[in-house]
Structures are given as C-alpha cells and as structure tokens.
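Text of the file structure.csv, holding CSV, C-alpha atoms and all ligand atoms:
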chain,number,residue,atom,x,y,z
A,21,MET,CA,0.0,0.0,0.0
A,22,THR,CA,1.3,3.5,-0.8
A,23,LEU,CA,1.3,6.1,1.9
A,24,ALA,CA,-0.7,8.4,-0.3
A,25,PHE,CA,-3.5,5.7,-0.3
A,26,LEU,CA,-3.2,5.5,3.5
A,27,THR,CA,-3.5,9.3,3.9
A,28,GLY,CA,-6.6,9.1,1.6
A,29,GLN,CA,-8.1,6.5,3.9
A,30,ILE,CA,-7.4,8.6,7.0
A,31,LEU,CA,-9.1,11.6,5.5
A,32,ALA,CA,-12.1,9.6,4.2
A,33,LYS,CA,-12.7,7.8,7.5
A,34,LYS,CA,-11.5,10.6,9.8
A,35,THR,CA,-9.3,8.3,11.8
A,36,PHE,CA,-5.7,7.3,12.0
A,37,LEU,CA,-6.3,4.6,14.6
A,38,CYS,CA,-4.2,1.4,14.4
A,39,VAL,CA,-5.7,-1.4,16.5
A,40,GLY,CA,-3.0,-3.6,18.1
A,41,LEU,CA,-3.8,-7.3,17.9
A,42,ASP,CA,-1.9,-8.5,21.0
A,43,PRO,CA,-3.9,-11.6,22.0
A,44,ASP,CA,-3.0,-13.0,25.4
A,45,LEU,CA,-4.7,-16.4,26.2
A,46,ASP,CA,-4.9,-15.3,29.9
A,47,LYS,CA,-6.9,-12.3,28.9
A,48,LEU,CA,-9.2,-13.7,26.1
A,49,PRO,CA,-12.9,-14.1,26.9
A,50,LYS,CA,-13.3,-17.5,28.5
A,51,HIS,CA,-16.0,-18.6,26.1
A,52,LEU,CA,-13.5,-18.4,23.2
A,53,LEU,CA,-11.1,-20.9,24.8
A,54,THR,CA,-13.1,-23.9,23.5
A,55,GLU,CA,-12.7,-22.7,19.9
A,56,SER,CA,-10.2,-24.7,17.8
A,57,ASP,CA,-8.2,-21.5,17.3
A,58,PRO,CA,-9.1,-19.1,20.1
A,59,VAL,CA,-6.6,-16.5,19.0
A,60,PHE,CA,-7.9,-16.3,15.5
A,61,ALA,CA,-11.5,-16.4,16.7
A,62,PHE,CA,-10.7,-13.4,18.9
A,63,ASN,CA,-8.8,-11.5,16.3
A,64,LYS,CA,-11.4,-12.0,13.6
A,65,THR,CA,-14.2,-10.7,15.9
A,66,ILE,CA,-12.0,-7.7,17.0
A,67,ILE,CA,-11.1,-6.9,13.4
A,68,ASP,CA,-14.7,-7.0,12.2
A,69,ALA,CA,-15.8,-4.8,15.2
A,70,THR,CA,-13.1,-2.1,14.9
A,71,ALA,CA,-12.4,-1.9,11.2
A,72,PRO,CA,-15.0,0.9,10.6
A,73,TYR,CA,-13.1,3.1,13.1
A,74,SER,CA,-9.5,2.3,12.1
A,75,VAL,CA,-7.1,2.4,9.2
A,76,ALA,CA,-4.5,-0.1,10.4
A,77,PHE,CA,-4.0,-3.3,12.3
A,78,LYS,CA,-0.8,-4.3,14.1
A,79,PRO,CA,-0.2,-7.9,15.4
A,80,ASN,CA,2.7,-8.0,17.7
A,81,LEU,CA,4.7,-11.2,16.9
A,82,ALA,CA,5.5,-12.0,20.6
A,83,PHE,CA,1.8,-12.9,21.3
A,84,TYR,CA,1.9,-15.5,18.5
A,85,GLU,CA,5.4,-16.8,18.8
A,86,VAL,CA,4.8,-17.7,22.5
A,87,LEU,CA,2.2,-20.3,21.3
A,88,GLY,CA,4.7,-22.0,19.0
A,89,THR,CA,3.4,-23.5,15.7
A,90,LYS,CA,-0.2,-22.9,16.7
A,91,GLY,CA,0.6,-19.2,17.2
A,92,TRP,CA,2.2,-19.0,13.8
A,93,VAL,CA,-0.9,-20.5,12.2
A,94,SER,CA,-3.1,-18.0,14.0
A,95,LEU,CA,-0.9,-15.2,12.7
A,96,GLU,CA,-1.0,-16.5,9.1
A,97,LYS,CA,-4.8,-16.8,9.3
A,98,THR,CA,-5.0,-13.2,10.8
A,99,ILE,CA,-3.0,-11.6,8.0
A,100,GLY,CA,-4.8,-13.7,5.4
A,101,TYR,CA,-8.1,-12.6,6.8
A,102,LEU,CA,-7.0,-8.9,6.8
A,103,ASN,CA,-5.6,-9.0,3.2
A,104,THR,CA,-8.7,-10.8,1.9
A,105,ASN,CA,-11.4,-8.9,3.7
A,106,TYR,CA,-9.9,-5.5,4.6
A,107,PRO,CA,-7.4,-4.7,1.8
A,108,ASN,CA,-7.7,-1.0,2.5
A,109,HIS,CA,-6.3,-1.4,6.0
A,110,PHE,CA,-2.6,-0.9,6.4
A,111,THR,CA,-1.0,-3.9,8.1
A,112,ILE,CA,2.0,-3.8,10.5
A,113,ALA,CA,4.0,-6.9,11.6
A,114,ASP,CA,5.3,-5.7,14.9
A,115,ALA,CA,8.4,-7.9,15.0
A,116,LYS,CA,11.2,-5.4,15.9
A,117,ARG,CA,13.7,-7.3,13.7
A,118,GLY,CA,17.2,-6.4,12.4
A,119,ASP,CA,20.4,-8.5,11.9
A,120,ILE,CA,23.4,-8.8,9.6
A,121,GLY,CA,22.4,-8.2,6.0
A,122,ASN,CA,21.7,-11.7,4.7
A,123,THR,CA,19.7,-12.6,7.9
A,124,SER,CA,17.7,-9.3,7.6
A,125,ARG,CA,16.9,-10.3,4.0
A,126,MET,CA,15.2,-13.5,5.3
A,127,TYR,CA,13.2,-11.5,7.9
A,128,ALA,CA,12.1,-9.1,5.1
A,129,LYS,CA,11.1,-12.0,2.9
A,130,THR,CA,9.1,-13.5,5.7
A,131,PHE,CA,7.0,-10.5,6.5
A,132,PHE,CA,6.8,-8.9,3.0
A,133,ASP,CA,6.7,-11.9,0.6
A,134,LEU,CA,5.5,-14.9,2.7
A,135,LEU,CA,3.0,-13.1,4.9
A,136,ASP,CA,2.3,-10.1,2.7
A,137,PHE,CA,2.3,-7.4,5.5
A,138,ASP,CA,2.5,-3.8,4.3
A,139,SER,CA,5.2,-3.0,6.9
A,140,VAL,CA,7.4,-4.4,9.7
A,141,THR,CA,9.0,-2.8,12.7
A,142,VAL,CA,12.8,-2.9,12.7
A,143,ALA,CA,15.4,-2.1,15.4
A,144,PRO,CA,18.2,0.3,14.2
A,145,TYR,CA,20.9,-0.8,16.6
A,146,MET,CA,22.9,-2.9,14.0
A,147,GLY,CA,22.9,0.0,11.5
A,148,LYS,CA,22.6,0.5,7.8
A,149,ASP,CA,23.3,-3.0,6.4
A,150,SER,CA,20.8,-4.5,8.9
A,151,VAL,CA,18.0,-2.2,7.7
A,152,GLU,CA,18.6,-1.7,4.0
A,153,PRO,CA,17.4,-5.2,3.1
A,154,PHE,CA,13.9,-4.3,4.4
A,155,LEU,CA,13.9,-1.0,2.4
A,156,GLU,CA,14.5,-2.7,-0.9
A,157,PHE,CA,10.9,-4.0,-1.1
A,158,GLU,CA,8.8,-1.7,-3.4
A,159,GLY,CA,5.4,-0.7,-1.9
A,160,LYS,CA,6.5,-2.0,1.5
A,161,HIS,CA,7.4,0.0,4.6
A,162,THR,CA,10.1,-0.3,7.2
A,163,ILE,CA,9.1,1.2,10.6
A,164,LEU,CA,12.3,2.0,12.4
A,165,LEU,CA,12.3,2.4,16.2
A,166,ALA,CA,13.3,6.0,16.9
A,167,LEU,CA,12.1,7.0,20.3
A,168,THR,CA,10.2,4.2,22.1
A,169,SER,CA,7.4,4.6,24.7
A,170,ASN,CA,8.9,2.7,27.6
A,171,ASP,CA,10.9,4.0,30.6
A,172,GLY,CA,14.0,2.2,29.3
A,173,ALA,CA,14.1,4.7,26.4
A,174,ARG,CA,16.1,6.8,28.8
A,175,ASP,CA,19.0,4.4,29.0
A,176,PHE,CA,20.2,4.9,25.4
A,177,GLN,CA,17.8,6.8,23.3
A,178,LEU,CA,17.5,9.8,25.6
A,179,ASP,CA,21.0,10.5,26.8
A,180,LYS,CA,21.3,14.1,28.0
A,181,GLY,CA,22.8,16.4,25.3
A,182,ASP,CA,23.5,13.7,22.8
A,183,ASN,CA,20.2,12.0,22.1
A,184,LEU,CA,20.8,8.7,20.3
A,185,PHE,CA,17.3,8.8,18.8
A,186,GLU,CA,18.2,12.0,16.9
A,187,LYS,CA,21.3,10.3,15.5
A,188,VAL,CA,19.2,7.3,14.5
A,189,ILE,CA,16.8,9.5,12.5
A,190,GLU,CA,19.5,11.7,10.9
A,191,THR,CA,21.7,8.7,9.8
A,192,SER,CA,18.8,6.6,8.6
A,193,LYS,CA,17.6,9.4,6.3
A,194,LYS,CA,20.7,8.8,4.2
A,195,TRP,CA,20.2,5.0,3.7
A,196,LYS,CA,19.2,3.6,0.3
A,197,ASN,CA,15.4,3.7,-0.4
A,198,ALA,CA,14.9,5.8,2.8
A,199,GLU,CA,11.6,6.9,1.3
A,200,ASN,CA,10.3,3.5,2.4
A,201,MET,CA,11.0,4.3,6.0
A,202,MET,CA,8.6,5.2,8.7
A,203,TYR,CA,9.5,5.8,12.4
A,204,VAL,CA,8.2,4.6,15.8
A,205,VAL,CA,7.8,7.4,18.4
A,206,GLY,CA,6.1,6.7,21.7
A,207,ALA,CA,3.0,8.7,22.6
A,208,THR,CA,4.6,9.1,26.0
A,209,GLN,CA,7.4,11.1,24.3
A,210,THR,CA,5.5,14.1,23.0
A,211,ALA,CA,8.0,16.5,24.5
A,212,HIS,CA,10.3,15.5,21.7
A,213,LEU,CA,7.9,15.4,18.8
A,214,LYS,CA,8.5,19.0,17.7
A,215,LYS,CA,12.2,18.3,17.4
A,216,ILE,CA,11.5,15.0,15.6
A,217,ARG,CA,9.2,16.8,13.1
A,218,LYS,CA,12.0,19.2,12.3
A,219,LEU,CA,14.2,16.2,11.4
A,220,ILE,CA,11.6,14.3,9.5
A,221,PRO,CA,8.8,16.7,8.6
A,222,ASP,CA,7.2,14.4,5.9
A,223,SER,CA,7.7,10.9,7.4
A,224,PHE,CA,4.8,8.8,8.7
A,225,LEU,CA,5.1,8.0,12.4
A,226,LEU,CA,3.7,5.0,14.2
A,227,ILE,CA,2.8,6.2,17.6
A,228,PRO,CA,2.1,3.5,20.3
A,229,GLY,CA,1.4,4.3,23.9
A,230,VAL,CA,-2.0,5.9,24.1
A,231,GLY,CA,-4.6,3.9,26.1
A,232,ALA,CA,-2.9,1.5,28.6
A,233,GLN,CA,0.4,3.4,28.6
A,234,GLY,CA,-1.3,6.8,29.2
A,235,GLY,CA,0.1,8.9,26.3
A,236,SER,CA,-1.9,12.0,25.3
A,237,LEU,CA,-3.6,11.7,21.9
A,238,GLU,CA,-4.1,15.5,21.8
A,239,ASP,CA,-0.4,16.2,22.3
A,240,VAL,CA,0.5,13.6,19.7
A,241,CYS,CA,-1.7,15.5,17.2
A,242,ARG,CA,-0.6,19.0,18.3
A,243,PHE,CA,3.1,18.3,17.8
A,244,GLY,CA,3.1,15.4,15.4
A,245,MET,CA,0.6,16.0,12.6
A,246,ASN,CA,1.9,17.1,9.2
A,247,LYS,CA,0.1,18.2,6.0
A,248,ASN,CA,-0.4,14.5,5.0
A,249,ILE,CA,-1.5,13.7,8.6
A,250,GLY,CA,1.6,11.5,9.0
A,251,LEU,CA,0.4,9.6,12.0
A,252,LEU,CA,-0.8,6.2,12.9
A,253,VAL,CA,-1.7,6.0,16.5
A,254,ASN,CA,-1.8,2.5,18.0
A,255,SER,CA,-3.8,1.2,21.0
A,256,SER,CA,-3.8,-2.5,21.8
A,257,ARG,CA,-5.0,-3.4,25.4
A,258,GLY,CA,-7.0,-0.3,25.7
A,259,ILE,CA,-9.3,-1.5,22.9
A,260,ILE,CA,-9.2,-5.3,22.7
A,261,TYR,CA,-9.6,-5.9,26.5
A,262,GLN,CA,-12.4,-3.5,27.2
A,263,SER,CA,-14.4,-6.5,28.3
A,264,GLY,CA,-13.5,-10.0,29.1
A,265,GLY,CA,-17.0,-11.3,28.6
A,266,LYS,CA,-19.3,-12.2,25.7
A,267,ASP,CA,-19.8,-8.5,24.9
A,268,PHE,CA,-16.0,-8.0,24.1
A,269,ALA,CA,-16.5,-7.1,20.5
A,270,GLY,CA,-19.2,-4.4,21.2
A,271,LYS,CA,-17.0,-2.9,24.0
A,272,ALA,CA,-14.0,-2.8,21.7
A,273,ALA,CA,-16.0,-1.2,19.0
A,274,GLU,CA,-17.3,1.4,21.4
A,275,GLU,CA,-13.8,2.3,22.5
A,276,ALA,CA,-12.5,2.4,18.9
A,277,GLN,CA,-15.4,4.7,18.0
A,278,LYS,CA,-14.6,7.0,20.9
A,279,ILE,CA,-11.0,7.3,19.8
A,280,GLN,CA,-12.1,7.8,16.2
A,281,SER,CA,-14.3,10.7,17.1
A,282,GLU,CA,-11.5,12.3,19.1
A,283,MET,CA,-9.3,11.9,16.1
A,284,ALA,CA,-11.9,13.5,13.8
A,285,SER,CA,-11.9,16.6,16.0
A,286,TYR,CA,-8.1,16.7,16.2
A,287,LEU,CA,-7.9,16.4,12.4
A,288,GLU,CA,-10.0,19.6,12.2
A,289,LYS,CA,-8.0,21.3,14.9
A,290,PHE,CA,-4.4,20.5,14.1
A,291,CYS,CA,-4.1,19.5,10.4
A,292,PRO,CA,-1.9,22.2,9.0
B,301,LIG,P1,-0.7,-1.2,24.5
B,301,LIG,O1,0.2,-0.5,25.5
B,301,LIG,O2,-1.4,-2.4,25.0
B,301,LIG,O3,-1.5,-0.2,23.7
B,301,LIG,O4,0.3,-1.9,23.4
B,301,LIG,C1,1.3,-1.2,22.7
B,301,LIG,C2,1.8,-2.0,21.6
B,301,LIG,O5,2.8,-1.2,20.8
B,301,LIG,C3,2.6,-3.2,22.0
B,301,LIG,O6,2.4,-4.2,20.9
B,301,LIG,C4,4.0,-2.8,22.0
B,301,LIG,O7,4.9,-3.8,21.8
B,301,LIG,C5,4.1,-1.7,20.9
B,301,LIG,N1,5.1,-0.7,21.1
B,301,LIG,C6,5.1,0.1,22.3
B,301,LIG,O8,4.3,-0.1,23.2
B,301,LIG,N2,6.1,1.0,22.4
B,301,LIG,C7,7.0,1.3,21.5
B,301,LIG,O9,7.9,2.2,21.7
B,301,LIG,C8,7.0,0.6,20.3
B,301,LIG,C9,6.0,-0.3,20.1
B,301,LIG,C10,5.8,-0.8,18.7
B,301,LIG,O10,6.8,-0.9,18.0
B,301,LIG,O11,4.6,-1.0,18.2

Would it be possible to restate this file's structure as structure tokens?
Amino acid sequence: MTLAFLTGQILAKKTFLCVGLDPDLDKLPKHLLTESDPVFAFNKTIIDATAPYSVAFKPNLAFYEVLGTKGWVSLEKTIGYLNTNYPNHFTIADAKRGDIGNTSRMYAKTFFDLLDFDSVTVAPYMGKDSVEPFLEFEGKHTILLALTSNDGARDFQLDKGDNLFEKVIETSKKWKNAENMMYVVGATQTAHLKKIRKLIPDSFLLIPGVGAQGGSLEDVCRFGMNKNIGLLVNSSRGIIYQSGGKDFAGKAAEEAQKIQSEMASYLEKFCP
C-alpha cells in the first residue's frame, strides 16, 4: 500500500487509529477458549468490530510466537483474513527485527513476501546494512524504532545532550530507499515530537502508547501532525480488552469509535 493511499483512507474515514492485535490467552474471553483456534476467533471478531473506526492493524509477533506453531498458524490466518477482507487497512508486523544483511533479508522476505504485510517494525541498533534489506521492497514500509514509549528509552535513546534517537533519525535518512521508512515514536514522548518533526517533517510516524500506557492523543496530534497527517496511533490493550465477557466485540468497537471521534476533532483542529 502506498502512503498516499493511507492518507486518503485517513481523510475519508477521519481516523488514524491502528488497532493492536496482541492476543494473550490469559486475557481472552473465556467462552472463546473452547474454539479450535481461540486467537484467530478473537482477532477476527475484534477486526470486524473495529475496522470501521481504524485504518490499520498491528499484530505483535510476541503474542503469536509464545504459542509455538499454533501461534504462527493464528498469525497466518489473521494476516490472510485482513488481506482478503480488509485490503484498504494498512498492516504492520510488529516484529522489531534487524540483523546482519543476509539474515535481515530473510526476515524481510518472511514479512513482506510470505505473509504479505505492508510493513514491519525494525530495530536500528545494527545500522545501515541491517535495515537496507527491508527498504528494498517496493510498496512495503520499514518502521524504524526511533524513540520508544517505555521507561528504558532513557537508557540509550535519551541520553542528555546527545540523544541517540536524533542520530538514528539523521543517519537513517541517508540510507538507500529511505523513502520506504517510517518511524516509531512513543505517545509518552510528545515533549520530543517538535524536534522529531524538524528532522523528518514528511515521514509517517507509528505512535504506540495511548490507552494502557497513558500517552496523550491530543499532544501527539498537536506536535506530530503534518500536512499528510503523517500519524498512525496504536492502541492494543485499551481496545481489545475493554471487556473479558461475551460483549468484548461491542465494547472494543465502542472504545475504537470513541478514539475515532476524538481523532476526527483533532484532524479539524491540528491538520496544517
Ligand atoms: P498497548 O500498550 O497495549 O496499547 O500496546 C502497545 C503496543 O505497541 C505493543 O504491541 C508494544 O509492543 C508496541 N510498542 C510500544 O508499546 N512502544 C514502542 O515504543 C513501540 C511499540 C511498537 O513498535 O509498536
């Protein structure tokens, strides 16, 4: 999917919500546990319920890999279901990969060719030759971790005076096919968004950390929105676990709709 198409979807649906598909067997509604594939049954219902209010879905690989082969099958079924039934939704494999070049190429082929995701999250720590294999894929997007939402971001990314995240952004802009790059910036890091927008005014940002992690959607929009909107804001637990009962889909839809209507008002208020 092109980012121009994604922007068109955002403007048409007045939402830039990404629903995080992080299914945890301990948190799934009990009545689903008797299904042959509880994870897929849960995802399918959440996808159908929240698709009208969102433009993207982001399965995080950890929640599938922890289940071994069964989890991989649930992931394959989930991306297959999305690509068949919701081809206008942007898909993100949240895998946080990155390795020496020939290994990264295998990761890229897994997520872009085999599973046909639109994008994958990638860690920048190993540098240029670990990221460029992902950037080679036309029409696919590499979402580089820039400034993450967690407390540990202070350990390396936010070192006083010499912020590593700024260096990551500056350097990565020079890599081959950098136009296929997007960046992760946590919603808990809005104090740095202005500076980030100076470095990458036109890039799309994936912003996790609203909902369960407490980031401010309003501040994300105030400091992060650009003329193409340029934002995908993810919430996982805050949407998918609104209820642990039989009404889980309705409750997830209600929450997604609430976020969508806030987003619609921020689009009016902050879109330059
Ligand atoms: P909730 O806190 O439940 O909304 O989930 C956030 C999701 O975004 C999880 O899948 C995280 O792994 C992911 N995430 C972060 O929370 N912080 C980051 O800095 C980066 C990510 C990510 O790359 O998506």

How close does each residue of chain A get to ligand LIG 301 (chain B), giving the shortest atom pair and distance in Å to one decimal for every residue with an atom at most 10 Å away, counting only C-alpha atoms and all ligand atoms, sorted by chain and residue number, as a tab-separated table?
residue	atom	partner	partner_atom	distance
A:Cys38	CA	B:LIG301	O3	9.8
A:Val39	CA	B:LIG301	O3	8.4
A:Gly40	CA	B:LIG301	O6	6.1
A:Leu41	CA	B:LIG301	O6	7.6
A:Asp42	CA	B:LIG301	O6	6.1
A:Pro43	CA	B:LIG301	O6	9.8
A:Lys78	CA	B:LIG301	O6	7.5
A:Pro79	CA	B:LIG301	O6	7.1
A:Asn80	CA	B:LIG301	O6	5.0
A:Leu81	CA	B:LIG301	O6	8.4
A:Ala82	CA	B:LIG301	O7	8.3
A:Phe83	CA	B:LIG301	O6	8.7
A:Ile112	CA	B:LIG301	O11	8.6
A:Ala113	CA	B:LIG301	O11	8.9
A:Asp114	CA	B:LIG301	O11	5.8
A:Ala115	CA	B:LIG301	O10	7.8
A:Lys116	CA	B:LIG301	O10	6.6
A:Val140	CA	B:LIG301	O10	9.0
A:Thr141	CA	B:LIG301	O10	6.0
A:Val142	CA	B:LIG301	O10	8.3
A:Ala143	CA	B:LIG301	O10	9.1
A:Ile163	CA	B:LIG301	O10	8.0
A:Leu164	CA	B:LIG301	O10	8.4
A:Leu165	CA	B:LIG301	O10	6.7
A:Ala166	CA	B:LIG301	O9	8.2
A:Leu167	CA	B:LIG301	O9	6.5
A:Thr168	CA	B:LIG301	O9	3.1
A:Ser169	CA	B:LIG301	O9	3.9
A:Asn170	CA	B:LIG301	O9	6.0
A:Asp171	CA	B:LIG301	O9	9.6
A:Gly172	CA	B:LIG301	O9	9.7
A:Ala173	CA	B:LIG301	O9	8.2
A:Tyr203	CA	B:LIG301	O10	9.1
A:Val204	CA	B:LIG301	O10	6.1
A:Val205	CA	B:LIG301	O9	6.2
A:Gly206	CA	B:LIG301	O9	4.8
A:Ala207	CA	B:LIG301	O9	8.2
A:Thr208	CA	B:LIG301	O9	8.8
A:Gln209	CA	B:LIG301	O9	9.3
A:Leu226	CA	B:LIG301	O11	7.3
A:Ile227	CA	B:LIG301	O11	7.4
A:Pro228	CA	B:LIG301	O5	4.8
A:Gly229	CA	B:LIG301	O1	5.2
A:Val230	CA	B:LIG301	O3	6.1
A:Gly231	CA	B:LIG301	O3	5.7
A:Ala232	CA	B:LIG301	O1	4.8
A:Gln233	CA	B:LIG301	O1	5.0
A:Gly234	CA	B:LIG301	O1	8.3
A:Gly235	CA	B:LIG301	O1	9.4
A:Val253	CA	B:LIG301	O3	9.5
A:Asn254	CA	B:LIG301	O3	6.3
A:Ser255	CA	B:LIG301	O3	3.8
A:Ser256	CA	B:LIG301	O3	3.8
A:Arg257	CA	B:LIG301	O2	3.8
A:Gly258	CA	B:LIG301	O3	5.9
A:Ile259	CA	B:LIG301	O3	7.9
A:Ile260	CA	B:LIG301	O2	8.6
A:Tyr261	CA	B:LIG301	O2	9.0

Which one is closest to Pro107 in chain A: A:Leu252, A:Met21, A:Leu225, A:Cys241? Count all atoms listed in the file.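 Distance minimum relative to Pro107 in chain A lands on A:Met21.
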
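If you measure from each of A:Ala198, A:Met283, A:Met245, A:Leu237 to Ile216 in chain A using only C-alpha atoms, the closest one turns out to be A:Met245.
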
Mind giving me the straight-line distance from CA of Asn105 in chain A to CA of Glu156 in chain A in Å, one decimal?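 Separation of CA of Asn105 in chain A and CA of Glu156 in chain A: 27.0 Å.
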
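Here CA of Gly100 in chain A stands at a distance of 11.8 Å from CA of Asn63 in chain A.
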
Can you work out the spacing between CA of Tyr101 in chain A and CA of Pro72 in chain A in Å, to one decimal?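 CA of Pro72 in chain A lies 15.6 Å from CA of Tyr101 in chain A.
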
Pull the closest atom pair for each residue of range 59-163 of chain A that gets at most 8 Å from range 24-32 of chain A, along with the distance in Å to one decimal, counting only C-alpha atoms, ordering rows by chain and then ascending residue number, as a tab-separated table.
residue	atom	partner	partner_atom	distance
A:Val75	CA	A:Ile30	CA	6.6
A:Asn108	CA	A:Gln29	CA	7.6
A:His109	CA	A:Leu26	CA	8.0
A:Phe110	CA	A:Leu26	CA	7.1

Find the residues around Glu190 in chain A up to 12 Å (only C-alpha atoms counted), leave out those fewer than 3 positions away in its own chain, and share them as number ranges by chain. A: 144, 166, 183-187, 193-195, 198, 203, 215-220

Nearest to Ile279 in chain A, chosen from A:Ser74, A:Lys33, A:Ser124, A:Thr104, with only C-alpha atoms counted in the distances: A:Ser74

Shortest interatomic distance to Thr111 in chain A - which of A:Met126, A:Leu45, A:Ala69, A:Leu23, counting all atoms listed in the file: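 Of A:Met126, A:Leu45, A:Ala69, A:Leu23, the one nearest Thr111 in chain A is A:Leu23, counting all atoms listed in the file.
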
Find, counting only C-alpha atoms, the residue in A:Leu102, A:Leu251, A:Ser94, A:Thr22 that gets nearest to Glu158 in chain A.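 Looking only at the distances to Glu158 in chain A, the closest residue turns out to be A:Thr22.
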
Counting only C-alpha atoms, what is within 12 Å of Lys97 in chain A, bar same-chain residues fewer than 4 positions away, as a ChimeraX atom specification? /A:57-64,79,84,90-93,101-105,135-136

Out of A:Arg174, A:Lys278, A:Lys148, A:Lys160, which residue has the shortest atom-to-atom distance to Met202 in chain A when counting all atoms listed in the file?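 For Met202 in chain A, the nearest of the candidates is A:Lys160.
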
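Excluding Lys196 in chain A and any residue on its chain fewer than 5 positions from it, the residues at most 12 Å away by all atoms listed in the file are Lys148, Asp149, Ser150, Val151, Glu152, Pro153, Phe154, Leu155, Glu156, Phe157, Thr191 and Met201 of chain A.
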